[in-house]
>>> print(open('query.cif').read())   # mmCIF, C-alpha atoms
data_start
loop_
_atom_site.label_atom_id
_atom_site.label_comp_id
_atom_site.auth_asym_id
_atom_site.auth_seq_id
_atom_site.Cartn_x
_atom_site.Cartn_y
_atom_site.Cartn_z
CA MET A 1 -18.58 -5.73 7.98
CA PRO A 2 -19.06 -4.31 4.46
CA GLY A 3 -16.30 -2.48 2.60
CA ASN A 4 -13.98 -5.45 2.25
CA THR A 5 -14.30 -5.73 -1.54
CA PHE A 6 -12.47 -3.62 -4.11
CA GLY A 7 -12.80 -3.39 -7.90
CA GLN A 8 -15.52 -4.14 -10.43
CA LEU A 9 -14.44 -6.59 -13.13
CA PHE A 10 -11.22 -7.61 -11.37
CA ARG A 11 -12.57 -7.83 -7.85
CA ILE A 12 -10.84 -8.71 -4.60
CA SER A 13 -12.17 -9.39 -1.10
CA THR A 14 -9.68 -9.57 1.75
CA TRP A 15 -10.36 -11.38 5.02
CA GLY A 16 -8.75 -12.11 8.37
CA GLU A 17 -7.35 -10.21 11.34
CA SER A 18 -3.87 -9.35 12.59
CA HIS A 19 -3.91 -11.89 15.44
CA GLY A 20 -6.36 -14.41 14.00
CA GLU A 21 -5.42 -17.83 12.70
CA SER A 22 -4.87 -16.73 9.11
CA ILE A 23 -5.41 -13.95 6.62
CA GLY A 24 -6.02 -13.89 2.89
CA VAL A 25 -7.89 -12.81 -0.23
CA VAL A 26 -10.39 -14.01 -2.81
CA ILE A 27 -10.04 -12.72 -6.39
CA ASP A 28 -13.00 -12.86 -8.75
CA GLY A 29 -12.75 -11.90 -12.42
CA CYS A 30 -9.23 -13.04 -13.23
CA PRO A 31 -9.21 -14.34 -16.83
CA ALA A 32 -8.45 -17.99 -17.39
CA GLY A 33 -5.15 -19.21 -18.77
CA LEU A 34 -2.74 -16.89 -16.93
CA PRO A 35 0.38 -18.83 -15.91
CA ILE A 36 1.01 -18.13 -12.23
CA THR A 37 2.95 -19.85 -9.49
CA ALA A 38 3.01 -19.56 -5.72
CA GLU A 39 6.68 -18.55 -6.02
CA GLU A 40 5.76 -15.45 -8.05
CA ILE A 41 3.24 -14.39 -5.44
CA GLN A 42 5.65 -15.22 -2.62
CA LYS A 43 8.24 -12.89 -4.11
CA GLU A 44 5.89 -9.93 -3.65
CA LEU A 45 4.84 -11.03 -0.15
CA ASP A 46 8.49 -11.30 0.89
CA ARG A 47 8.90 -7.60 0.05
CA ARG A 48 5.98 -6.77 2.36
CA ARG A 49 6.56 -9.20 5.21
CA THR A 50 7.56 -8.33 8.75
CA GLY A 51 11.04 -8.76 10.20
CA GLN A 52 12.83 -8.26 6.89
CA SER A 53 15.32 -5.65 8.14
CA LYS A 54 16.43 -3.60 11.12
CA VAL A 55 14.03 -0.76 10.21
CA THR A 56 10.89 -2.92 10.36
CA THR A 57 8.93 -4.64 13.11
CA THR A 58 10.66 -7.65 14.67
CA ARG A 59 7.51 -9.78 14.33
CA LYS A 60 8.67 -12.80 12.32
CA GLU A 61 6.00 -13.89 9.87
CA PRO A 62 7.05 -16.15 6.97
CA ASP A 63 3.83 -15.26 5.12
CA GLN A 64 3.99 -18.52 3.20
CA ILE A 65 1.28 -18.31 0.54
CA ARG A 66 -1.19 -21.13 -0.08
CA ILE A 67 -3.31 -21.08 -3.23
CA LEU A 68 -6.57 -22.79 -2.31
CA SER A 69 -8.54 -22.49 -5.55
CA GLY A 70 -8.68 -20.98 -9.01
CA VAL A 71 -5.32 -22.30 -10.24
CA PHE A 72 -4.85 -25.69 -11.90
CA GLN A 73 -1.66 -27.06 -13.47
CA GLY A 74 -0.03 -23.67 -13.08
CA LYS A 75 -2.72 -21.62 -14.81
CA THR A 76 -5.73 -19.64 -13.66
CA THR A 77 -9.03 -21.38 -14.38
CA GLY A 78 -11.30 -18.33 -14.50
CA SER A 79 -12.96 -19.28 -11.21
CA PRO A 80 -12.38 -17.38 -7.94
CA ILE A 81 -8.78 -17.53 -6.71
CA ALA A 82 -8.53 -17.98 -2.94
CA MET A 83 -5.18 -17.48 -1.22
CA MET A 84 -4.15 -17.47 2.43
CA VAL A 85 -1.21 -17.25 4.81
CA GLU A 86 -1.13 -18.35 8.43
CA ASN A 87 -0.36 -15.98 11.28
CA ALA A 88 2.58 -17.77 12.86
CA ASP A 89 4.11 -15.19 15.23
CA ALA A 90 1.23 -13.26 16.77
CA ASP A 91 1.73 -12.23 20.40
CA SER A 92 -1.49 -10.85 21.89
CA SER A 93 -0.21 -10.58 25.47
CA LYS A 94 0.83 -6.94 25.18
CA TYR A 95 -2.67 -5.99 24.02
CA GLU A 96 -4.39 -7.67 26.94
CA LEU A 97 -2.81 -5.07 29.21
CA ILE A 98 -4.17 -2.10 27.26
CA LYS A 99 -7.41 -3.45 25.80
CA HIS A 100 -9.49 -0.96 27.81
CA LEU A 101 -7.41 2.03 26.62
CA TYR A 102 -7.67 3.94 23.37
CA ARG A 103 -4.31 4.02 21.57
CA PRO A 104 -3.61 7.52 20.15
CA GLY A 105 -3.59 7.52 16.35
CA HIS A 106 -5.32 4.13 16.09
CA ALA A 107 -8.83 3.05 15.13
CA ASP A 108 -9.74 1.74 18.61
CA PHE A 109 -12.15 4.56 19.44
CA THR A 110 -13.76 4.76 15.99
CA TYR A 111 -14.24 0.97 15.75
CA ASP A 112 -15.97 1.01 19.14
CA LYS A 113 -18.24 3.80 17.97
CA LYS A 114 -19.08 2.06 14.71
CA TYR A 115 -19.52 -1.53 15.88
CA GLY A 116 -19.81 -1.34 19.66
CA PHE A 117 -17.22 -4.13 19.80
CA ARG A 118 -13.73 -4.64 18.44
CA ASP A 119 -10.85 -7.06 18.17
CA TYR A 120 -8.21 -5.29 20.27
CA ARG A 121 -5.40 -7.71 19.36
CA GLY A 122 -3.12 -5.63 17.18
CA GLY A 123 -6.05 -3.66 15.84
CA GLY A 124 -7.75 -6.67 14.32
CA ARG A 125 -9.10 -5.80 10.91
CA SER A 126 -7.65 -2.27 10.96
CA SER A 127 -4.09 -3.62 11.13
CA ALA A 128 -1.72 -3.31 8.16
CA ARG A 129 -1.53 -7.11 8.36
CA GLU A 130 -4.71 -7.05 6.24
CA THR A 131 -2.60 -5.90 3.28
CA VAL A 132 -1.15 -9.40 2.86
CA GLY A 133 -4.19 -10.22 0.72
CA ARG A 134 -3.86 -7.05 -1.33
CA VAL A 135 -0.21 -7.70 -2.14
CA ALA A 136 -0.94 -11.32 -3.10
CA ALA A 137 -3.73 -10.17 -5.42
CA GLY A 138 -1.49 -7.40 -6.73
CA ALA A 139 1.08 -9.99 -7.81
CA ILE A 140 -1.50 -11.52 -10.14
CA ALA A 141 -2.62 -8.08 -11.35
CA LYS A 142 1.00 -7.23 -12.16
CA LYS A 143 1.36 -10.44 -14.15
CA LEU A 144 -1.73 -9.57 -16.19
CA LEU A 145 -0.52 -6.01 -16.76
CA ALA A 146 2.86 -7.28 -17.96
CA ARG A 147 1.04 -9.00 -20.84
CA HIS A 148 0.08 -5.51 -21.97
CA LYS A 149 3.62 -4.17 -21.35
CA ILE A 150 2.48 -2.17 -18.32
CA LYS A 151 4.88 -2.00 -15.38
CA VAL A 152 4.18 -0.59 -11.92
CA PHE A 153 6.93 0.26 -9.45
CA ALA A 154 7.22 2.40 -6.34
CA TYR A 155 9.89 3.72 -4.02
CA THR A 156 10.46 5.75 -0.90
CA ARG A 157 10.79 9.39 -1.90
CA GLN A 158 10.96 10.92 1.57
CA ILE A 159 11.29 9.91 5.22
CA GLY A 160 10.89 12.63 7.81
CA ASP A 161 12.58 15.70 6.34
CA LEU A 162 14.98 13.64 4.22
CA VAL A 163 14.06 13.79 0.51
CA MET A 164 15.75 11.85 -2.29
CA GLN A 165 17.99 13.95 -4.55
CA THR A 166 19.00 11.44 -7.22
CA PHE A 167 17.20 8.55 -8.91
CA SER A 168 18.46 5.08 -9.79
CA GLN A 169 15.79 2.45 -10.30
CA ARG A 170 18.34 -0.31 -9.69
CA GLU A 171 18.97 1.11 -6.23
CA ILE A 172 15.35 0.74 -5.01
CA GLU A 173 15.55 -2.90 -3.96
CA SER A 174 19.23 -2.62 -3.01
CA ASN A 175 18.66 -0.85 0.30
CA ILE A 176 16.31 -1.53 3.20
CA VAL A 177 14.30 1.69 2.88
CA ARG A 178 13.70 1.23 -0.87
CA CYS A 179 14.97 4.68 -1.79
CA PRO A 180 16.43 5.22 -5.31
CA ASP A 181 19.07 7.56 -3.85
CA LYS A 182 21.82 5.47 -2.21
CA LYS A 183 23.34 8.23 -0.09
CA MET A 184 19.97 9.50 1.11
CA ALA A 185 18.90 5.93 1.86
CA GLU A 186 21.77 5.63 4.35
CA ARG A 187 20.66 8.82 6.09
CA MET A 188 17.06 7.59 6.15
CA VAL A 189 18.11 4.35 7.85
CA GLU A 190 19.98 6.32 10.51
CA ALA A 191 16.96 8.58 11.10
CA ILE A 192 14.58 5.62 11.49
CA LEU A 193 16.88 3.83 13.92
CA GLN A 194 17.25 7.02 15.97
CA ALA A 195 13.48 7.45 16.09
CA ARG A 196 13.12 3.87 17.33
CA LYS A 197 15.81 4.48 19.96
CA ASP A 198 13.84 7.54 21.10
CA GLY A 199 10.68 5.43 21.41
CA ASP A 200 9.20 7.34 18.48
CA SER A 201 8.46 6.94 14.77
CA LEU A 202 8.71 8.71 11.39
CA GLY A 203 6.42 9.24 8.41
CA GLY A 204 7.27 9.38 4.73
CA VAL A 205 6.25 9.75 1.10
CA ILE A 206 5.97 6.89 -1.39
CA GLU A 207 6.01 7.64 -5.12
CA VAL A 208 4.39 5.21 -7.58
CA ILE A 209 4.96 5.17 -11.34
CA ALA A 210 3.08 3.10 -13.91
CA LYS A 211 4.74 2.88 -17.33
CA GLY A 212 3.15 1.71 -20.57
CA VAL A 213 -0.42 2.61 -19.58
CA PRO A 214 -2.40 3.19 -22.81
CA ALA A 215 -4.52 6.26 -23.35
CA GLY A 216 -8.23 5.82 -22.70
CA LEU A 217 -8.43 4.11 -19.29
CA GLY A 218 -10.90 5.62 -16.85
CA GLU A 219 -14.64 6.13 -16.57
CA PRO A 220 -16.57 9.38 -16.32
CA VAL A 221 -17.73 10.78 -13.99
CA PHE A 222 -17.35 9.11 -10.60
CA ASP A 223 -15.01 6.29 -11.64
CA ARG A 224 -12.32 8.56 -12.99
CA LEU A 225 -8.97 6.78 -13.14
CA ASP A 226 -7.27 9.25 -10.81
CA ALA A 227 -10.21 9.08 -8.39
CA ASP A 228 -10.01 5.30 -8.24
CA LEU A 229 -6.24 5.41 -7.84
CA ALA A 230 -6.56 7.94 -5.02
CA LYS A 231 -9.16 5.79 -3.28
CA ALA A 232 -6.97 2.71 -3.68
CA LEU A 233 -3.99 4.37 -2.04
CA MET A 234 -6.05 6.16 0.62
CA SER A 235 -7.54 2.80 1.60
CA LEU A 236 -4.11 1.64 2.80
CA PRO A 237 -3.37 1.92 6.54
CA ALA A 238 -1.56 5.10 7.69
CA VAL A 239 -2.05 6.95 4.37
CA LYS A 240 -3.18 10.54 4.93
CA GLY A 241 -2.76 12.14 1.52
CA VAL A 242 -2.41 11.41 -2.22
CA GLU A 243 -1.09 13.52 -5.09
CA VAL A 244 -1.42 12.94 -8.85
CA GLY A 245 1.23 14.46 -11.08
CA ILE A 246 2.55 17.68 -9.55
CA GLY A 247 -0.37 17.56 -7.10
CA PHE A 248 -0.54 20.44 -4.63
CA GLU A 249 2.32 22.18 -6.40
CA ALA A 250 -0.26 23.17 -9.05
CA ALA A 251 -1.78 25.66 -6.61
CA ARG A 252 1.12 28.09 -7.02
CA LEU A 253 1.37 27.87 -10.82
CA ARG A 254 -0.42 29.71 -13.62
CA GLY A 255 -2.31 27.80 -16.29
CA SER A 256 0.41 28.66 -18.81
CA GLU A 257 2.92 26.91 -16.53
CA CYS A 258 0.75 23.98 -15.46
CA ASN A 259 -0.79 22.90 -18.76
CA ASP A 260 0.88 20.02 -20.58
CA VAL A 261 1.29 21.22 -24.18
CA PHE A 262 0.38 18.65 -26.85
CA ILE A 263 2.98 17.72 -29.45
CA ALA A 264 3.40 15.10 -32.17
CA LYS A 265 6.39 12.80 -31.61
CA ASN A 266 7.34 9.75 -33.66
CA GLY A 267 3.89 9.76 -35.26
CA LYS A 268 2.07 9.82 -31.92
CA ILE A 269 0.36 12.57 -29.97
CA THR A 270 1.93 13.21 -26.58
CA THR A 271 2.77 16.15 -24.32
CA GLN A 272 5.95 18.10 -23.61
CA THR A 273 5.54 17.75 -19.84
CA ASN A 274 3.61 15.45 -17.51
CA ASN A 275 2.31 17.77 -14.82
CA ALA A 276 -1.05 15.97 -14.98
CA GLY A 277 0.57 12.71 -13.98
CA GLY A 278 -0.77 10.80 -16.97
CA VAL A 279 -4.47 11.54 -16.41
CA LEU A 280 -6.69 14.15 -18.07
CA GLY A 281 -10.41 14.40 -17.31
CA GLY A 282 -10.13 11.22 -15.30
CA ILE A 283 -8.84 9.25 -18.31
CA SER A 284 -5.27 8.14 -18.98
CA ASN A 285 -3.47 10.07 -21.73
CA GLY A 286 -0.68 7.60 -22.49
CA ASN A 287 1.97 9.25 -20.32
CA ASP A 288 3.43 7.65 -17.21
CA ILE A 289 0.98 7.56 -14.30
CA VAL A 290 2.70 9.37 -11.42
CA LEU A 291 1.34 9.28 -7.87
CA ARG A 292 2.56 10.05 -4.39
CA MET A 293 1.11 9.02 -1.05
CA VAL A 294 1.91 10.30 2.42
CA VAL A 295 2.16 7.80 5.26
CA LYS A 296 1.96 9.17 8.78
CA PRO A 297 4.43 8.26 11.53
CA THR A 298 3.58 4.86 13.01
CA SER A 299 0.97 5.38 15.72
CA SER A 300 2.31 2.64 18.03
CA ILE A 301 5.26 4.18 19.84
CA ASN A 302 7.14 3.07 22.95
CA ARG A 303 6.66 6.41 24.68
CA GLU A 304 4.17 7.35 27.39
CA GLN A 305 1.17 9.27 26.07
CA ASP A 306 -2.06 10.64 27.49
CA THR A 307 -5.29 8.86 26.64
CA VAL A 308 -8.61 7.77 28.15
CA THR A 309 -10.27 4.47 28.97
CA GLN A 310 -13.34 3.18 27.18
CA LYS A 311 -15.35 4.85 29.95
CA GLY A 312 -13.63 8.21 29.37
CA LYS A 313 -11.37 8.16 32.42
CA LYS A 314 -7.95 9.83 32.06
CA ALA A 315 -5.06 7.40 31.71
CA LYS A 316 -1.49 6.97 30.53
CA ILE A 317 -0.47 4.51 27.82
CA ARG A 318 2.77 3.10 26.47
CA VAL A 319 2.27 0.87 23.43
CA GLU A 320 4.78 -1.93 23.79
CA GLY A 321 5.24 -4.84 21.43
CA ARG A 322 6.68 -5.08 17.93
CA HIS A 323 5.99 -2.23 15.52
CA ASP A 324 7.57 -0.57 12.48
CA PRO A 325 9.34 2.66 13.45
CA CYS A 326 8.48 3.82 9.91
CA VAL A 327 5.93 2.13 7.67
CA ALA A 328 7.23 3.62 4.41
CA PRO A 329 9.67 0.84 3.37
CA ARG A 330 7.03 -1.92 3.69
CA ALA A 331 4.34 0.32 2.17
CA VAL A 332 6.16 0.33 -1.19
CA PRO A 333 4.86 -3.11 -2.35
CA MET A 334 1.44 -2.27 -0.90
CA ALA A 335 1.23 0.87 -3.05
CA GLU A 336 2.34 -1.04 -6.14
CA ALA A 337 -0.33 -3.68 -5.53
CA MET A 338 -3.18 -1.17 -5.18
CA VAL A 339 -2.19 0.73 -8.33
CA ALA A 340 -1.88 -2.54 -10.26
CA LEU A 341 -5.34 -3.63 -9.08
CA VAL A 342 -6.91 -0.38 -10.29
CA LEU A 343 -5.15 -0.50 -13.66
CA ILE A 344 -6.08 -4.10 -14.47
CA ASP A 345 -9.68 -3.43 -13.47
CA HIS A 346 -9.88 -0.41 -15.77
CA LEU A 347 -8.07 -2.25 -18.55
CA LEU A 348 -10.73 -4.97 -18.46
CA ARG A 349 -13.46 -2.34 -18.35
CA GLN A 350 -11.99 -0.52 -21.34
CA LYS A 351 -12.44 -3.65 -23.44
CA GLN A 352 -16.19 -3.21 -23.00
CA ALA A 353 -16.18 0.49 -23.94
CA GLN A 354 -15.72 0.12 -27.70
CA LEU A 355 -16.83 -2.34 -30.36
#
>>> encode(input="query.cif", output="C-alpha cells")
Amino acid sequence: MPGNTFGQLFRISTWGESHGESIGVVIDGCPAGLPITAEEIQKELDRRRTGQSKVTTTRKEPDQIRILSGVFQGKTTGSPIAMMVENADADSSKYELIKHLYRPGHADFTYDKKYGFRDYRGGGRSSARETVGRVAAGAIAKKLLARHKIKVFAYTRQIGDLVMQTFSQREIESNIVRCPDKKMAERMVEAILQARKDGDSLGGVIEVIAKGVPAGLGEPVFDRLDADLAKALMSLPAVKGVEVGIGFEAARLRGSECNDVFIAKNGKITTQTNNAGGVLGGISNGNDIVLRMVVKPTSSINREQDTVTQKGKKAKIRVEGRHDPCVAPRAVPMAEAMVALVLIDHLLRQKQAQL
C-alpha cells in the first residue's frame, strides 16, 4: 500500500492498523544531536489518546510510546527513528457482526474497490488510530522548530453551530474540547453529550496558528507552502476542507479589501493585515501562518441507517462500539503535528536554497 510516507527531507512513514498488535512511525532525516525523551513524546500522545474525557471514545488506550531506534543517551543519532505503541484495548467483536455491510461515511466501500480486500476491524488502516505515529513524529518536529523559535498551536474554533467568541490561549488546554473561549466550551460540551445521547455526532472547525515562521519557506510551483499544509491537514481522517488566512471569505471581498498592504515596522517589512494567512505565492512572508480545517461529524453513530451488503443487497446498520461523538477535540494535536511536520521539512529545504 503506497502513500504511507510524508515529507521530503524530514520524512515519516506510519504503519499499523486500528485493531492490529501495534502501531507506529519511522522518521528519516531528523538531524543528529537533538535532545529528546520518551516523556516529551508521551505528552503529545496523551493529548491525542482515547478515553481522555467524557466527550471522547471510551476505548482505553494508554498509548505508551517505545523508542526503538535513532535515539542514544537522550539524543537523536541522525539514523531513522522508529517508535511504536501497542494496541491494548481493541475490541473487534462488534465489527464481526457488520463486516459484510458498508458503514455510511466510512472507507469500507472504497477500500474494497481499490484493494479487493480490507481489514474491517475498526477500519484498519483508514482509522484515526493511524495518527498515533503522526503525533509522535510531530512531537520531534515541534522540538526542532522550537530551536528556531517557531511555535505551533491549535484549538477548537467551532463545534456544530457553536463558534468561539473570545480567545484566551491559556484556556485551550483547560477544557475538554480545547476551545479558547471558556463559556462557549461549556456549551460545546453540552452539545456533544446531547448528540451522543441521541445516537448521533457533531462536526467542527480546528484553527491552527504557527508563530515565528521566517519569510522564505515554500517551493514553487507544486510544493508551495500553503499547498503542502493543505495536503497535510486534508490527509487527516474526517477532514473535508481547509482554509488559509481568510480562506473562502475572500470570495466576497474586493482586491482593495483583501490585499495585505506592506509597511515598514521596527526596521522590518511586514503587512498591516494578515488576510493571506502568512503565505504569498506559496512562500511564507514572516507573518503568523493561519489555517483552519473542517472535520465532519463522526461517521460511526449508534443510530439505524440504510446501507447495502458487499453484494449490493439492501440492509440496515447500527454501528455499535466505542466512538468519538465529535472528533474535533482529539484532532487538535493531530493538526498541530501535521503543520509542524510540514514546517520543519520546508525549513530544512530552505537551507539548501541559498549559499
>>> resolve_selection(input="query.cif", expression="the PyMOL selection byres ((chain A and resi 266-277) around 8)", output="list in words")
Val244, Gly245, Ile246, Cys258, Asn259, Asp260, Val261, Phe262, Ile263, Ala264, Lys265, Gly278, Val279, Leu280, Asn285, Gly286, Asn287, Asp288, Ile289, Val290 and Leu291 of chain A
>>> write_last_selection(input="query.cif", atoms="C-alpha atoms", output="short mmCIF file (atom, residue, chain, number, x, y, z; two decimals), in the coordinates of the input")
data_model
loop_
_atom_site.label_atom_id
_atom_site.label_comp_id
_atom_site.auth_asym_id
_atom_site.auth_seq_id
_atom_site.Cartn_x
_atom_site.Cartn_y
_atom_site.Cartn_z
CA VAL A 244 -1.42 12.94 -8.85
CA GLY A 245 1.23 14.46 -11.08
CA ILE A 246 2.55 17.68 -9.55
CA CYS A 258 0.75 23.98 -15.46
CA ASN A 259 -0.79 22.90 -18.76
CA ASP A 260 0.88 20.02 -20.58
CA VAL A 261 1.29 21.22 -24.18
CA PHE A 262 0.38 18.65 -26.85
CA ILE A 263 2.98 17.72 -29.45
CA ALA A 264 3.40 15.10 -32.17
CA LYS A 265 6.39 12.80 -31.61
CA GLY A 278 -0.77 10.80 -16.97
CA VAL A 279 -4.47 11.54 -16.41
CA LEU A 280 -6.69 14.15 -18.07
CA ASN A 285 -3.47 10.07 -21.73
CA GLY A 286 -0.68 7.60 -22.49
CA ASN A 287 1.97 9.25 -20.32
CA ASP A 288 3.43 7.65 -17.21
CA ILE A 289 0.98 7.56 -14.30
CA VAL A 290 2.70 9.37 -11.42
CA LEU A 291 1.34 9.28 -7.87
#
>>> resolve_selection(input="query.cif", expression="the PyMOL selection byres ((chain A and resi 195) around 12)", output="number ranges by chain")
A: 55, 159-160, 188-194, 196-203, 297-298, 301-303, 324-326
>>> closest_residue(input="query.cif", among="A:Asp228, A:Gly33, A:Lys182, A:Ser92", to="Asp345 of chain A", atoms="all atoms listed in the file")
A:Asp228
>>> residues_around(input="query.cif", residues="Ile344 of chain A", least_positions_apart="6", cutoff="7 Å", atoms="only C-alpha atoms", output="number ranges by chain")
A: 10, 141, 145
>>> residues_around(input="query.cif", residues="segment 93-95 of chain A", least_positions_apart="6", cutoff="10 Å", atoms="only C-alpha atoms", output="VMD selection string")
chain A and resid 101 120 to 123 319 to 322
>>> closest_residue(input="query.cif", among="A:Ile176, A:Ile98, A:Met293, A:Ile81", to="Gly51 of chain A", atoms="all atoms listed in the file")
A:Ile176
>>> closest_residue(input="query.cif", among="A:Arg187, A:Lys114, A:Arg178, A:Lys231", to="Glu207 of chain A", atoms="only C-alpha atoms")
A:Arg178
>>> closest_residue(input="query.cif", among="A:Arg103, A:Lys316, A:Ala136, A:Ser300", to="Gln64 of chain A", atoms="only C-alpha atoms")
A:Ala136
>>> residues_around(input="query.cif", residues="Ser168 of chain A", least_positions_apart="2", cutoff="12 Å", atoms="only C-alpha atoms", output="ChimeraX atom specification")
/A:155-157,164-166,170-175,178-185
>>> resolve_selection(input="query.cif", expression="the PyMOL selection byres ((chain A and resi 215) around 7)", output="list in words")
Val213, Pro214, Gly216, Leu217, Ser284, Asn285 and Gly286 of chain A
>>> closest_residue(input="query.cif", among="A:Gln310, A:Leu144, A:Leu34, A:Glu304", to="Tyr111 of chain A", atoms="only C-alpha atoms")
A:Gln310
>>> decode(input="query.cif", residues="segment 104-123 of chain A", atoms="C-alpha atoms", output="compact mmCIF listing (two decimals), in the first residue's frame")
# COMPACT_ATOMS: atom_id res chain seq x y z
CA PRO A 104 -22.12 5.04 5.76
CA GLY A 105 -19.43 7.73 5.75
CA HIS A 106 -16.57 5.22 6.07
CA ALA A 107 -13.95 3.92 3.66
CA ASP A 108 -15.29 0.34 3.59
CA PHE A 109 -16.68 0.54 0.06
CA THR A 110 -13.76 2.48 -1.42
CA TYR A 111 -11.14 0.19 0.17
CA ASP A 112 -12.93 -2.83 -1.30
CA LYS A 113 -12.93 -1.18 -4.71
CA LYS A 114 -9.26 -0.25 -4.52
CA TYR A 115 -7.78 -3.40 -2.99
CA GLY A 116 -10.46 -6.06 -3.32
CA PHE A 117 -9.85 -6.85 0.35
CA ARG A 118 -9.87 -4.88 3.58
CA ASP A 119 -9.30 -5.06 7.31
CA TYR A 120 -12.83 -4.48 8.62
CA ARG A 121 -11.76 -4.23 12.28
CA GLY A 122 -12.30 -0.59 13.10
CA GLY A 123 -11.46 0.44 9.57
